[in-house]
file protein-v3.pdb (PDB, C-alpha atoms, pLDDT in the B column)
MODEL        1
ATOM      1  CA  MET A   1       0.000   0.000   0.000  1.00 85.00           C
ATOM      2  CA  SER A   2       1.128   3.573  -0.676  1.00 87.00           C
ATOM      3  CA  ILE A   3      -0.325   7.028   0.035  1.00 83.00           C
ATOM      4  CA  TRP A   4      -1.297   9.383  -2.783  1.00 81.00           C
ATOM      5  CA  PHE A   5      -2.366  13.043  -2.841  1.00 79.00           C
ATOM      6  CA  HIS A   6      -5.268  13.920  -5.139  1.00 77.00           C
ATOM      7  CA  ALA A   7      -3.964  17.291  -6.339  1.00 72.00           C
ATOM      8  CA  GLU A   8      -6.315  18.212  -9.146  1.00 73.00           C
ATOM      9  CA  LYS A   9      -9.138  16.749 -11.186  1.00 76.00           C
ATOM     10  CA  TYR A  10      -6.843  14.496 -13.216  1.00 77.00           C
ATOM     11  CA  SER A  11      -3.666  14.642 -11.157  1.00 79.00           C
ATOM     12  CA  ASN A  12      -2.388  12.482  -8.323  1.00 82.00           C
ATOM     13  CA  ARG A  13       0.993  12.610  -6.608  1.00 80.00           C
ATOM     14  CA  LEU A  14       2.742   9.906  -4.655  1.00 79.00           C
ATOM     15  CA  ILE A  15       3.384  10.960  -1.038  1.00 83.00           C
ATOM     16  CA  VAL A  16       4.509   7.694   0.588  1.00 89.00           C
ATOM     17  CA  PRO A  17       5.645   4.798  -1.620  1.00 82.00           C
ATOM     18  CA  GLU A  18       5.223   1.104  -0.821  1.00 88.00           C
ATOM     19  CA  THR A  19       5.030  -0.436   1.634  1.00 94.00           C
ATOM     20  CA  VAL A  20       2.810   1.353   4.180  1.00 96.00           C
ATOM     21  CA  PHE A  21       1.805  -1.008   6.982  1.00 98.00           C
ATOM     22  CA  ALA A  22       0.405   1.277   9.716  1.00 98.00           C
ATOM     23  CA  LEU A  23      -1.765   4.418   9.653  1.00 97.00           C
ATOM     24  CA  GLY A  24      -3.456   6.870  11.958  1.00 98.00           C
ATOM     25  CA  GLU A  25      -5.348  10.098  11.279  1.00 97.00           C
ATOM     26  CA  ASN A  26      -7.310  12.791  13.071  1.00 97.00           C
ATOM     27  CA  GLY A  27      -8.498  15.092  10.280  1.00 93.00           C
ATOM     28  CA  ASP A  28      -5.462  17.382  10.607  1.00 94.00           C
ATOM     29  CA  PHE A  29      -2.655  14.854  10.293  1.00 94.00           C
ATOM     30  CA  ILE A  30      -2.014  11.424   8.865  1.00 94.00           C
ATOM     31  CA  ILE A  31       0.799   9.423  10.425  1.00 97.00           C
ATOM     32  CA  ALA A  32       2.171   6.314   8.792  1.00 97.00           C
ATOM     33  CA  LYS A  33       4.870   3.674   9.041  1.00 98.00           C
ATOM     34  CA  SER A  34       6.391   2.005   6.011  1.00 97.00           C
ATOM     35  CA  HIS A  35       9.070  -0.434   4.951  1.00 97.00           C
ATOM     36  CA  PRO A  36      11.079   0.238   1.796  1.00 95.00           C
ATOM     37  CA  LYS A  37      10.459  -2.074  -1.145  1.00 94.00           C
ATOM     38  CA  ASN A  38      12.412  -2.772  -4.295  1.00 89.00           C
ATOM     39  CA  LEU A  39      11.734  -5.099  -7.201  1.00 88.00           C
ATOM     40  CA  LYS A  40      14.776  -7.273  -6.635  1.00 90.00           C
ATOM     41  CA  SER A  41      14.557  -8.099  -2.919  1.00 90.00           C
ATOM     42  CA  GLY A  42      10.968  -7.127  -2.051  1.00 94.00           C
ATOM     43  CA  ILE A  43       9.927  -5.578   1.271  1.00 95.00           C
ATOM     44  CA  ASN A  44      12.753  -4.815   3.704  1.00 96.00           C
ATOM     45  CA  LYS A  45      11.059  -5.288   7.086  1.00 96.00           C
ATOM     46  CA  SER A  46      14.305  -4.550   8.944  1.00 96.00           C
ATOM     47  CA  VAL A  47      13.920  -0.833   8.059  1.00 96.00           C
ATOM     48  CA  THR A  48      10.970   1.258   9.253  1.00 98.00           C
ATOM     49  CA  TYR A  49      10.278   4.792   8.040  1.00 97.00           C
ATOM     50  CA  TYR A  50       7.839   7.151   9.751  1.00 98.00           C
ATOM     51  CA  HIS A  51       5.758   9.757   7.928  1.00 95.00           C
ATOM     52  CA  ILE A  52       3.725  12.814   8.906  1.00 94.00           C
ATOM     53  CA  ILE A  53       1.285  14.248   6.399  1.00 92.00           C
ATOM     54  CA  GLU A  54      -0.319  17.602   7.126  1.00 90.00           C
ATOM     55  CA  VAL A  55      -3.807  17.286   5.631  1.00 87.00           C
ATOM     56  CA  ASP A  56      -4.324  21.031   5.016  1.00 83.00           C
ATOM     57  CA  LYS A  57      -0.904  21.426   3.399  1.00 74.00           C
ATOM     58  CA  LYS A  58      -1.598  21.174  -0.336  1.00 65.00           C
ATOM     59  CA  SER A  59       1.851  19.939  -1.197  1.00 63.00           C
ATOM     60  CA  THR A  60       3.776  16.746  -1.696  1.00 59.00           C
ATOM     61  CA  GLU A  61       6.532  18.305   0.429  1.00 62.00           C
ATOM     62  CA  GLN A  62       5.625  16.567   3.657  1.00 75.00           C
ATOM     63  CA  SER A  63       7.763  14.757   6.237  1.00 77.00           C
ATOM     64  CA  PRO A  64       8.706  11.437   4.612  1.00 81.00           C
ATOM     65  CA  ASN A  65      11.197   8.739   5.572  1.00 92.00           C
ATOM     66  CA  LEU A  66      11.814   9.901   9.128  1.00 96.00           C
ATOM     67  CA  THR A  67      13.626   7.880  11.764  1.00 97.00           C
ATOM     68  CA  LEU A  68      11.711   7.250  14.987  1.00 98.00           C
ATOM     69  CA  GLU A  69      13.648  10.062  16.707  1.00 98.00           C
ATOM     70  CA  GLN A  70      12.968  12.512  13.840  1.00 97.00           C
ATOM     71  CA  PHE A  71       9.297  11.474  13.840  1.00 97.00           C
ATOM     72  CA  GLU A  72       8.943  12.122  17.579  1.00 98.00           C
ATOM     73  CA  ASN A  73      10.676  15.517  17.293  1.00 97.00           C
ATOM     74  CA  LYS A  74       8.543  16.581  14.298  1.00 95.00           C
ATOM     75  CA  ARG A  75       5.422  15.396  16.099  1.00 96.00           C
ATOM     76  CA  LYS A  76       6.259  17.698  19.046  1.00 97.00           C
ATOM     77  CA  GLU A  77       7.117  20.579  16.697  1.00 95.00           C
ATOM     78  CA  LEU A  78       3.730  20.278  14.933  1.00 94.00           C
ATOM     79  CA  ASN A  79       1.816  19.759  18.215  1.00 97.00           C
ATOM     80  CA  ILE A  80       0.356  16.469  17.041  1.00 97.00           C
ATOM     81  CA  PRO A  81      -1.795  15.095  19.887  1.00 97.00           C
ATOM     82  CA  LYS A  82      -0.327  12.172  21.817  1.00 94.00           C
ATOM     83  CA  ASN A  83      -3.612  10.281  21.456  1.00 97.00           C
ATOM     84  CA  LEU A  84      -3.147  10.094  17.662  1.00 98.00           C
ATOM     85  CA  ASP A  85      -1.833   6.586  17.201  1.00 98.00           C
ATOM     86  CA  PHE A  86      -1.452   3.992  14.465  1.00 98.00           C
ATOM     87  CA  GLU A  87      -5.056   2.738  14.433  1.00 98.00           C
ATOM     88  CA  ILE A  88      -4.822   0.636  11.290  1.00 97.00           C
ATOM     89  CA  VAL A  89      -2.034  -1.933  11.228  1.00 98.00           C
ATOM     90  CA  TYR A  90      -1.577  -4.555   8.532  1.00 96.00           C
ATOM     91  CA  GLU A  91       0.018  -7.305  10.613  1.00 96.00           C
ATOM     92  CA  GLU A  92       1.104  -9.328   7.573  1.00 94.00           C
ATOM     93  CA  LEU A  93       3.238  -6.371   6.414  1.00 94.00           C
ATOM     94  CA  LYS A  94       4.518  -5.406   9.866  1.00 93.00           C
TER      95      LYS A  94
ENDMDL
END
call {"tool": "encode", "arguments": {"input": "protein-v3.pdb", "output": "structure tokens"}}
result
Amino acid sequence: MSIWFHAEKYSNRLIVPETVFALGENGDFIIAKSHPKNLKSGINKSVTYYHIIEVDKKSTEQSPNLTLEQFENKRKELNIPKNLDFEIVYEELK
């Protein structure tokens, strides 16, 4: 799974590439976790990226591929509520 931004009537932009395995949202923010994937070796579950998407920000320039420490710092900087958690988790991709 990946996350796309519907920019215009006939335009979509990729925000988070495969493979997203956990999501949470509150109307203002979407948070996600992903593992990188390539055609040769598939999903690399030993690497986890964190993502913060500001819903009102009409741009593909978001906060992709963060480490856990960067994610936590950015979350504080943006005042993302602590109760926003990863509500949807695809266990088979985790």
call {"tool": "residues_near_point", "arguments": {"input": "protein-v3.pdb", "point": "(9.7, 8.1, 7.4)", "cutoff": "6 Å", "atoms": "only C-alpha atoms", "output": "compact mmCIF listing (two decimals) with C-alpha atoms, in the coordinates of the input"}}
result
# COMPACT_ATOMS: atom_id res chain seq x y z
CA TYR A 49 10.28 4.79 8.04
CA TYR A 50 7.84 7.15 9.75
CA HIS A 51 5.76 9.76 7.93
CA PRO A 64 8.71 11.44 4.61
CA ASN A 65 11.20 8.74 5.57
CA LEU A 66 11.81 9.90 9.13
CA THR A 67 13.63 7.88 11.76
call {"tool": "atom_distance", "arguments": {"input": "protein-v3.pdb", "atom1": "CA of Tyr90 in chain A", "atom2": "CA of Phe5 in chain A"}}
result
21.0 Å
call {"tool": "atom_distance", "arguments": {"input": "protein-v3.pdb", "atom1": "CA of Ile31 in chain A", "atom2": "CA of Ala7 in chain A"}}
result
19.1 Å
call {"tool": "resolve_selection", "arguments": {"input": "protein-v3.pdb", "expression": "the PyMOL selection byres ((chain A and resi 20) around 12)", "output": "MDAnalysis selection string"}}
result
chainID A and resid 1:4 15:19 21:24 31:37 43:45 47:51 64:65 86 88:94
call {"tool": "write_last_selection", "arguments": {"input": "protein-v3.pdb", "atoms": "C-alpha atoms", "output": "JSON list (two decimals), in the coordinates of the input"}}
result
[["chain", "number", "residue", "atom", "x", "y", "z"],
["A", 1, "MET", "CA", 0.00, 0.00, 0.00],
["A", 2, "SER", "CA", 1.13, 3.57, -0.68],
["A", 3, "ILE", "CA", -0.32, 7.03, 0.04],
["A", 4, "TRP", "CA", -1.30, 9.38, -2.78],
["A", 15, "ILE", "CA", 3.38, 10.96, -1.04],
["A", 16, "VAL", "CA", 4.51, 7.69, 0.59],
["A", 17, "PRO", "CA", 5.64, 4.80, -1.62],
["A", 18, "GLU", "CA", 5.22, 1.10, -0.82],
["A", 19, "THR", "CA", 5.03, -0.44, 1.63],
["A", 21, "PHE", "CA", 1.80, -1.01, 6.98],
["A", 22, "ALA", "CA", 0.40, 1.28, 9.72],
["A", 23, "LEU", "CA", -1.76, 4.42, 9.65],
["A", 24, "GLY", "CA", -3.46, 6.87, 11.96],
["A", 31, "ILE", "CA", 0.80, 9.42, 10.42],
["A", 32, "ALA", "CA", 2.17, 6.31, 8.79],
["A", 33, "LYS", "CA", 4.87, 3.67, 9.04],
["A", 34, "SER", "CA", 6.39, 2.00, 6.01],
["A", 35, "HIS", "CA", 9.07, -0.43, 4.95],
["A", 36, "PRO", "CA", 11.08, 0.24, 1.80],
["A", 37, "LYS", "CA", 10.46, -2.07, -1.14],
["A", 43, "ILE", "CA", 9.93, -5.58, 1.27],
["A", 44, "ASN", "CA", 12.75, -4.82, 3.70],
["A", 45, "LYS", "CA", 11.06, -5.29, 7.09],
["A", 47, "VAL", "CA", 13.92, -0.83, 8.06],
["A", 48, "THR", "CA", 10.97, 1.26, 9.25],
["A", 49, "TYR", "CA", 10.28, 4.79, 8.04],
["A", 50, "TYR", "CA", 7.84, 7.15, 9.75],
["A", 51, "HIS", "CA", 5.76, 9.76, 7.93],
["A", 64, "PRO", "CA", 8.71, 11.44, 4.61],
["A", 65, "ASN", "CA", 11.20, 8.74, 5.57],
["A", 86, "PHE", "CA", -1.45, 3.99, 14.46],
["A", 88, "ILE", "CA", -4.82, 0.64, 11.29],
["A", 89, "VAL", "CA", -2.03, -1.93, 11.23],
["A", 90, "TYR", "CA", -1.58, -4.56, 8.53],
["A", 91, "GLU", "CA", 0.02, -7.30, 10.61],
["A", 92, "GLU", "CA", 1.10, -9.33, 7.57],
["A", 93, "LEU", "CA", 3.24, -6.37, 6.41],
["A", 94, "LYS", "CA", 4.52, -5.41, 9.87]]
call {"tool": "resolve_selection", "arguments": {"input": "protein-v3.pdb", "expression": "the PyMOL selection byres ((chain A and resi 26) around 12)", "output": "list of chain:residue names"}}
result
A:Leu23, A:Gly24, A:Glu25, A:Gly27, A:Asp28, A:Phe29, A:Ile30, A:Ile31, A:Ile52, A:Ile53, A:Glu54, A:Val55, A:Asp56, A:Ile80, A:Pro81, A:Lys82, A:Asn83, A:Leu84, A:Asp85, A:Phe86, A:Glu87
call {"tool": "atom_distance", "arguments": {"input": "protein-v3.pdb", "atom1": "CA of Ser41 in chain A", "atom2": "CA of Leu68 in chain A"}}
result
23.8 Å
call {"tool": "axis_aligned_box", "arguments": {"input": "protein-v3.pdb", "around": "range 50-55 of chain A", "padding_each_side": "5 Å", "output": "JSON"}}
result
{"center_x": 2.0, "center_y": 12.4, "center_z": 7.7, "size_x": 21.6, "size_y": 20.5, "size_z": 14.1}
